[in-house]
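Student: Next comes final_11.cif, mmCIF, C-alpha atoms and all ligand atoms:
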```
data_upload
#
loop_
_atom_site.group_PDB
_atom_site.id
_atom_site.type_symbol
_atom_site.label_atom_id
_atom_site.label_comp_id
_atom_site.auth_asym_id
_atom_site.auth_seq_id
_atom_site.Cartn_x
_atom_site.Cartn_y
_atom_site.Cartn_z
ATOM 1 C CA MET A 1 -104.028 41.099 46.731
ATOM 2 C CA GLN A 2 -102.416 40.225 43.417
ATOM 3 C CA ARG A 3 -103.301 37.705 40.739
ATOM 4 C CA THR A 4 -100.889 35.827 38.507
ATOM 5 C CA LEU A 5 -101.157 33.285 35.719
ATOM 6 C CA ILE A 6 -99.495 29.894 35.893
ATOM 7 C CA ILE A 7 -99.144 27.251 33.199
ATOM 8 C CA MET A 8 -98.142 23.736 34.156
ATOM 9 C CA LYS A 9 -96.420 22.985 30.865
ATOM 10 C CA PRO A 10 -96.571 19.707 28.906
ATOM 11 C CA ASP A 11 -93.466 18.321 30.653
ATOM 12 C CA CYS A 12 -95.107 18.964 34.033
ATOM 13 C CA VAL A 13 -98.206 17.002 32.989
ATOM 14 C CA GLN A 14 -96.217 14.179 31.363
ATOM 15 C CA ARG A 15 -94.041 13.834 34.438
ATOM 16 C CA ARG A 16 -97.168 13.804 36.638
ATOM 17 C CA LEU A 17 -95.933 16.769 38.655
ATOM 18 C CA THR A 18 -99.088 18.923 38.435
ATOM 19 C CA GLY A 19 -100.224 17.778 41.875
ATOM 20 C CA GLU A 20 -96.813 18.503 43.396
ATOM 21 C CA VAL A 21 -96.727 21.969 41.809
ATOM 22 C CA LEU A 22 -100.242 22.905 42.949
ATOM 23 C CA ARG A 23 -99.498 21.458 46.383
ATOM 24 C CA ARG A 24 -96.553 23.828 46.767
ATOM 25 C CA PHE A 25 -98.547 26.881 45.696
ATOM 26 C CA GLU A 26 -101.440 25.993 47.984
ATOM 27 C CA ALA A 27 -99.156 25.224 50.919
ATOM 28 C CA LYS A 28 -97.512 28.630 50.467
ATOM 29 C CA GLY A 29 -100.895 30.308 50.987
ATOM 30 C CA LEU A 30 -101.891 31.171 47.444
ATOM 31 C CA LYS A 31 -105.554 30.793 46.485
ATOM 32 C CA ILE A 32 -106.630 29.076 43.261
ATOM 33 C CA VAL A 33 -109.163 31.360 41.546
ATOM 34 C CA ALA A 34 -109.221 29.605 38.158
ATOM 35 C CA LEU A 35 -107.973 26.295 36.808
ATOM 36 C CA LYS A 36 -108.327 24.387 33.540
ATOM 37 C CA PHE A 37 -106.724 21.578 31.565
ATOM 38 C CA LEU A 38 -106.357 21.805 27.790
ATOM 39 C CA LYS A 39 -104.192 21.420 24.710
ATOM 40 C CA VAL A 40 -102.737 24.738 23.579
ATOM 41 C CA ASP A 41 -103.347 25.678 19.934
ATOM 42 C CA ARG A 42 -100.566 27.369 18.008
ATOM 43 C CA ALA A 43 -102.278 30.783 17.827
ATOM 44 C CA THR A 44 -102.775 30.961 21.591
ATOM 45 C CA GLY A 45 -99.207 29.770 22.183
ATOM 46 C CA GLU A 46 -97.924 32.513 19.876
ATOM 47 C CA ARG A 47 -99.968 35.158 21.670
ATOM 48 C CA HIS A 48 -98.883 33.958 25.081
ATOM 49 C CA TYR A 49 -95.202 33.997 24.107
ATOM 50 C CA ALA A 50 -95.445 37.031 21.753
ATOM 51 C CA GLU A 51 -92.496 38.788 23.438
ATOM 52 C CA HIS A 52 -90.202 35.957 22.303
ATOM 53 C CA LYS A 53 -91.182 36.002 18.616
ATOM 54 C CA GLY A 54 -88.038 36.060 16.471
ATOM 55 C CA LYS A 55 -85.767 34.577 19.138
ATOM 56 C CA PRO A 56 -83.842 31.407 18.211
ATOM 57 C CA PHE A 57 -85.785 29.265 20.683
ATOM 58 C CA PHE A 58 -89.255 30.533 19.663
ATOM 59 C CA GLU A 59 -90.205 27.743 17.221
ATOM 60 C CA GLY A 60 -88.993 25.069 19.608
ATOM 61 C CA LEU A 61 -90.898 26.712 22.439
ATOM 62 C CA LEU A 62 -94.116 26.717 20.384
ATOM 63 C CA SER A 63 -93.692 23.038 19.452
ATOM 64 C CA PHE A 64 -93.104 22.290 23.122
ATOM 65 C CA ILE A 65 -96.066 24.229 24.530
ATOM 66 C CA THR A 66 -98.444 22.693 21.930
ATOM 67 C CA SER A 67 -97.045 19.158 22.322
ATOM 68 C CA GLY A 68 -99.475 17.944 24.979
ATOM 69 C CA PRO A 69 -102.006 19.087 27.536
ATOM 70 C CA VAL A 70 -101.232 21.800 30.068
ATOM 71 C CA GLY A 71 -102.834 22.984 33.273
ATOM 72 C CA VAL A 72 -103.561 26.719 33.299
ATOM 73 C CA GLY A 73 -104.520 28.584 36.422
ATOM 74 C CA VAL A 74 -104.820 31.896 38.181
ATOM 75 C CA LEU A 75 -103.424 32.206 41.702
ATOM 76 C CA GLU A 76 -104.197 35.017 44.123
ATOM 77 C CA GLY A 77 -102.406 36.213 47.213
ATOM 78 C CA ASN A 78 -100.161 38.800 48.801
ATOM 79 C CA ASP A 79 -97.474 39.697 46.235
ATOM 80 C CA ALA A 80 -98.538 36.643 44.200
ATOM 81 C CA ILE A 81 -96.571 37.552 41.056
ATOM 82 C CA ALA A 82 -93.169 37.729 42.768
ATOM 83 C CA VAL A 83 -93.997 34.880 45.152
ATOM 84 C CA VAL A 84 -94.716 32.524 42.237
ATOM 85 C CA ARG A 85 -91.656 33.674 40.274
ATOM 86 C CA ASN A 86 -89.460 33.073 43.322
ATOM 87 C CA MET A 87 -90.979 29.643 43.848
ATOM 88 C CA LEU A 88 -90.311 28.765 40.172
ATOM 89 C CA GLY A 89 -86.643 29.751 40.284
ATOM 90 C CA ALA A 90 -84.412 30.751 37.376
ATOM 91 C CA THR A 91 -85.493 30.006 33.793
ATOM 92 C CA ASN A 92 -82.812 27.373 33.242
ATOM 93 C CA GLY A 93 -83.581 24.388 35.432
ATOM 94 C CA ALA A 94 -79.898 23.410 35.415
ATOM 95 C CA SER A 95 -78.970 26.572 37.315
ATOM 96 C CA ALA A 96 -82.202 27.200 39.246
ATOM 97 C CA ALA A 97 -81.684 27.126 43.005
ATOM 98 C CA PRO A 98 -82.511 23.954 44.910
ATOM 99 C CA GLY A 99 -85.776 24.400 46.783
ATOM 100 C CA THR A 100 -87.422 26.065 43.795
ATOM 101 C CA ILE A 101 -89.733 24.091 41.509
ATOM 102 C CA ARG A 102 -87.357 24.308 38.554
ATOM 103 C CA GLY A 103 -84.344 23.782 40.803
ATOM 104 C CA ASP A 104 -85.828 20.635 42.281
ATOM 105 C CA PHE A 105 -87.393 19.042 39.189
ATOM 106 C CA SER A 106 -85.901 20.471 35.966
ATOM 107 C CA ILE A 107 -82.471 20.261 34.340
ATOM 108 C CA SER A 108 -83.489 21.968 31.070
ATOM 109 C CA LYS A 109 -83.737 25.512 29.711
ATOM 110 C CA GLN A 110 -86.900 24.832 27.752
ATOM 111 C CA ASN A 111 -88.581 22.093 29.750
ATOM 112 C CA ASN A 112 -88.773 24.023 32.990
ATOM 113 C CA LEU A 113 -92.207 22.745 34.028
ATOM 114 C CA VAL A 114 -94.154 25.869 34.985
ATOM 115 C CA HIS A 115 -94.809 29.358 33.634
ATOM 116 C CA GLY A 116 -95.536 32.320 35.906
ATOM 117 C CA SER A 117 -96.361 35.892 34.883
ATOM 118 C CA ASP A 118 -93.349 38.194 35.273
ATOM 119 C CA GLY A 119 -95.098 41.465 36.227
ATOM 120 C CA GLY A 120 -98.381 43.278 36.715
ATOM 121 C CA GLU A 121 -98.945 44.059 33.055
ATOM 122 C CA SER A 122 -98.108 40.583 31.813
ATOM 123 C CA ALA A 123 -100.288 39.022 34.520
ATOM 124 C CA GLU A 124 -103.255 41.112 33.382
ATOM 125 C CA ARG A 125 -102.611 40.368 29.715
ATOM 126 C CA GLU A 126 -102.102 36.641 30.271
ATOM 127 C CA ILE A 127 -105.116 36.184 32.554
ATOM 128 C CA ALA A 128 -107.283 37.890 29.892
ATOM 129 C CA LEU A 129 -105.758 35.675 27.189
ATOM 130 C CA TRP A 130 -106.519 32.400 28.969
ATOM 131 C CA PHE A 131 -109.699 33.126 30.928
ATOM 132 C CA LYS A 132 -113.008 34.895 30.492
ATOM 133 C CA PRO A 133 -113.776 37.214 33.417
ATOM 134 C CA GLU A 134 -116.603 34.915 34.574
ATOM 135 C CA GLU A 135 -114.160 31.986 34.811
ATOM 136 C CA LEU A 136 -112.349 33.701 37.691
ATOM 137 C CA VAL A 137 -114.116 32.429 40.785
ATOM 138 C CA SER A 138 -114.726 34.780 43.680
ATOM 139 C CA TYR A 139 -114.765 33.101 47.091
ATOM 140 C CA GLU A 140 -113.257 33.329 50.550
ATOM 141 C CA ILE A 141 -110.902 30.815 52.103
ATOM 142 C CA ALA A 142 -112.257 30.053 55.574
ATOM 143 C CA ALA A 143 -109.944 31.321 58.348
ATOM 144 C CA ASN A 144 -107.675 32.991 55.790
ATOM 145 C CA ASP A 145 -106.419 35.381 58.498
ATOM 146 C CA TRP A 146 -104.155 32.585 59.705
ATOM 147 C CA VAL A 147 -102.377 32.740 56.328
ATOM 148 C CA ASP A 148 -102.020 36.408 55.411
ATOM 149 C CA ALA A 149 -102.759 38.563 58.439
ATOM 150 C CA GLY A 150 -100.565 41.653 58.680
ATOM 151 C CA VAL A 151 -99.493 41.799 55.030
HETATM 152 P P1 LIG B 1 -89.379 32.560 32.105
HETATM 153 O O1 LIG B 1 -90.368 31.444 31.839
HETATM 154 O O2 LIG B 1 -88.461 32.224 33.254
HETATM 155 O O3 LIG B 1 -90.036 33.910 32.255
HETATM 156 P P2 LIG B 1 -88.485 33.475 29.478
HETATM 157 O O4 LIG B 1 -87.145 34.065 29.220
HETATM 158 O O5 LIG B 1 -89.666 34.412 29.486
HETATM 159 O O6 LIG B 1 -88.396 32.637 30.836
HETATM 160 O O7 LIG B 1 -88.737 32.351 28.376
HETATM 161 C C1 LIG B 1 -89.992 31.767 28.216
HETATM 162 C C2 LIG B 1 -89.804 30.268 28.105
HETATM 163 O O8 LIG B 1 -89.076 29.965 26.919
HETATM 164 C C3 LIG B 1 -88.979 29.638 29.225
HETATM 165 O O9 LIG B 1 -89.740 29.359 30.383
HETATM 166 C C4 LIG B 1 -88.463 28.374 28.569
HETATM 167 O O10 LIG B 1 -89.466 27.353 28.531
HETATM 168 C C5 LIG B 1 -88.209 28.857 27.147
HETATM 169 N N1 LIG B 1 -86.815 29.342 26.941
HETATM 170 C C6 LIG B 1 -86.271 30.507 27.393
HETATM 171 N N2 LIG B 1 -84.994 30.625 26.992
HETATM 172 C C7 LIG B 1 -84.718 29.508 26.285
HETATM 173 C C8 LIG B 1 -83.545 29.042 25.601
HETATM 174 O O11 LIG B 1 -82.489 29.688 25.571
HETATM 175 N N3 LIG B 1 -83.650 27.839 24.979
HETATM 176 C C9 LIG B 1 -84.787 27.086 24.975
HETATM 177 N N4 LIG B 1 -85.907 27.496 25.598
HETATM 178 C C10 LIG B 1 -85.878 28.688 26.249
HETATM 179 MG MG MG B 2 -90.983 35.119 30.850
#
```
Translate this structure into structure tokens?
Tutor:
Amino acid sequence: MQRTLIIMKPDCVQRRLTGEVLRRFEAKGLKIVALKFLKVDRATGERHYAEHKGKPFFEGLLSFITSGPVGVGVLEGNDAIAVVRNMLGATNGASAAPGTIRGDFSISKQNNLVHGSDGGESAEREIALWFKPEELVSYEIAANDWVDAGV
């Protein structure tokens, strides 16, 4: 089982797509293990997007991510990191494949609705940045074998 961090970005909240996004992840078979709703402060935004510091879009990205509330969560499931990335689609919504979240709802490079961790190390780092260990809830989904038997 893998865990991955998602952020439903300010455009996702403003466009009232958080329910649609969570619906897709849940329907896929991912389990929500943490979830919160907050306004991102600049320092946390900078730490989250540290790898992009110095890039031309960094300042715009920080203004965007701090511009309104976001939903932040941790999802768990078989191959969760790649599953979420595939469900998000390419970074640029204009070229993301139809059927993906970005492909279906975004036409922008920056305002692409949802963040998902891009690998094991970033997932670990990002989950620790956004959540205290005790905020990750341990529980079983009843009859989960119907979802992920034989993985
Ligand atoms: P990812 O979210 O698909 O992993 P990254 O390259 O890690 O994409 O970029 C992080 C975020 O920065 C993107 O999701 C998007 O919001 C924004 N971004 C990336 N490239 C550009 C760009 O060229 N212009 C404006 N914003 C960008
Ligand atoms: Mg990335």
Student: Produce as a VMD selection string the set of residues near ligand LIG 1 (chain B), where near means within 12 Å with all atoms listed in the file considered.
Tutor: chain A and resid 5 to 12 45 to 46 48 to 53 55 to 65 81 to 82 84 to 96 101 to 102 106 to 119 122 to 123
Student: Tell me, as a ChimeraX atom specification, which residues lie within 9 Å of Gly77 (chain A), counting all atoms listed in the file; anything in the same chain fewer than 5 positions away does not count.
Tutor: /A:1-4,29-31,83,148
Student: Just so the selection is clear, what residues does the PyMOL selection byres (((chain A and resi 139) around 12) and not hetatm) cover here, as a list in words?
Tutor: Lys31, Ile32, Val33, Ala34, Glu76, Leu136, Val137, Ser138, Glu140, Ile141, Ala142 and Asn144 of chain A
Student: Given the choices A:Val147, A:Glu126, A:Pro98, A:Pro133, which gets closest to ligand MG 2 (chain B) if the distance is worked out from all atoms listed in the file?
Tutor: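 Smallest separation from ligand MG 2 (chain B) among the options: A:Glu126.
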Student: Can you measure CA of Arg42 (chain A) to CA of Thr66 (chain A) for me? One decimal in Å is fine.
Tutor: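 Distance between the two atoms: 6.5 Å.
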Student: Pick from A:Asn78, A:Arg47, A:Glu134, A:Val70: nearest to Gly150 (chain A), with only C-alpha atoms counted?
Tutor: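 Under the stated criterion, the closest residue is A:Asn78.
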Student: Which residue gives the smallest distance to Val21 (chain A) among A:Val72, A:Ala149, A:Ala80, A:Leu38, with only C-alpha atoms counted?
Tutor: A:Val72
Student: Could you give me the centre and size, in Å to one decimal, of an axis-aligned box around all listed atoms of region 104-111 of chain A with 6 Å added on every side, as JSON?
Tutor:
```
{"center_x": -85.5, "center_y": 22.3, "center_z": 35.0, "size_x": 18.1, "size_y": 18.5, "size_z": 26.5}
```
Student: To one decimal in Å, tell me the separation between CA of Thr18 (chain A) and CA of Phe37 (chain A).
Tutor: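 Rounded to one decimal, the two atoms are 10.6 Å apart.
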Student: Any idea what the distance is between CA of Gly19 (chain A) and CA of Leu75 (chain A)?
Tutor: 14.8 Å
Student: From the list A:Phe131, A:Thr100, A:Glu121, A:Arg16, which residue is nearest Leu35 (chain A) when using all atoms listed in the file?
Tutor: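 Looking at the shortest contact to Leu35 (chain A), the residue is A:Phe131.
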Student: Using all atoms listed in the file for the distances, tell me which of A:Gly68, A:Lys28, A:Leu17, A:Asp79 is nearest to Gly120 (chain A).
Tutor: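 Looking at the shortest contact to Gly120 (chain A), the residue is A:Asp79.
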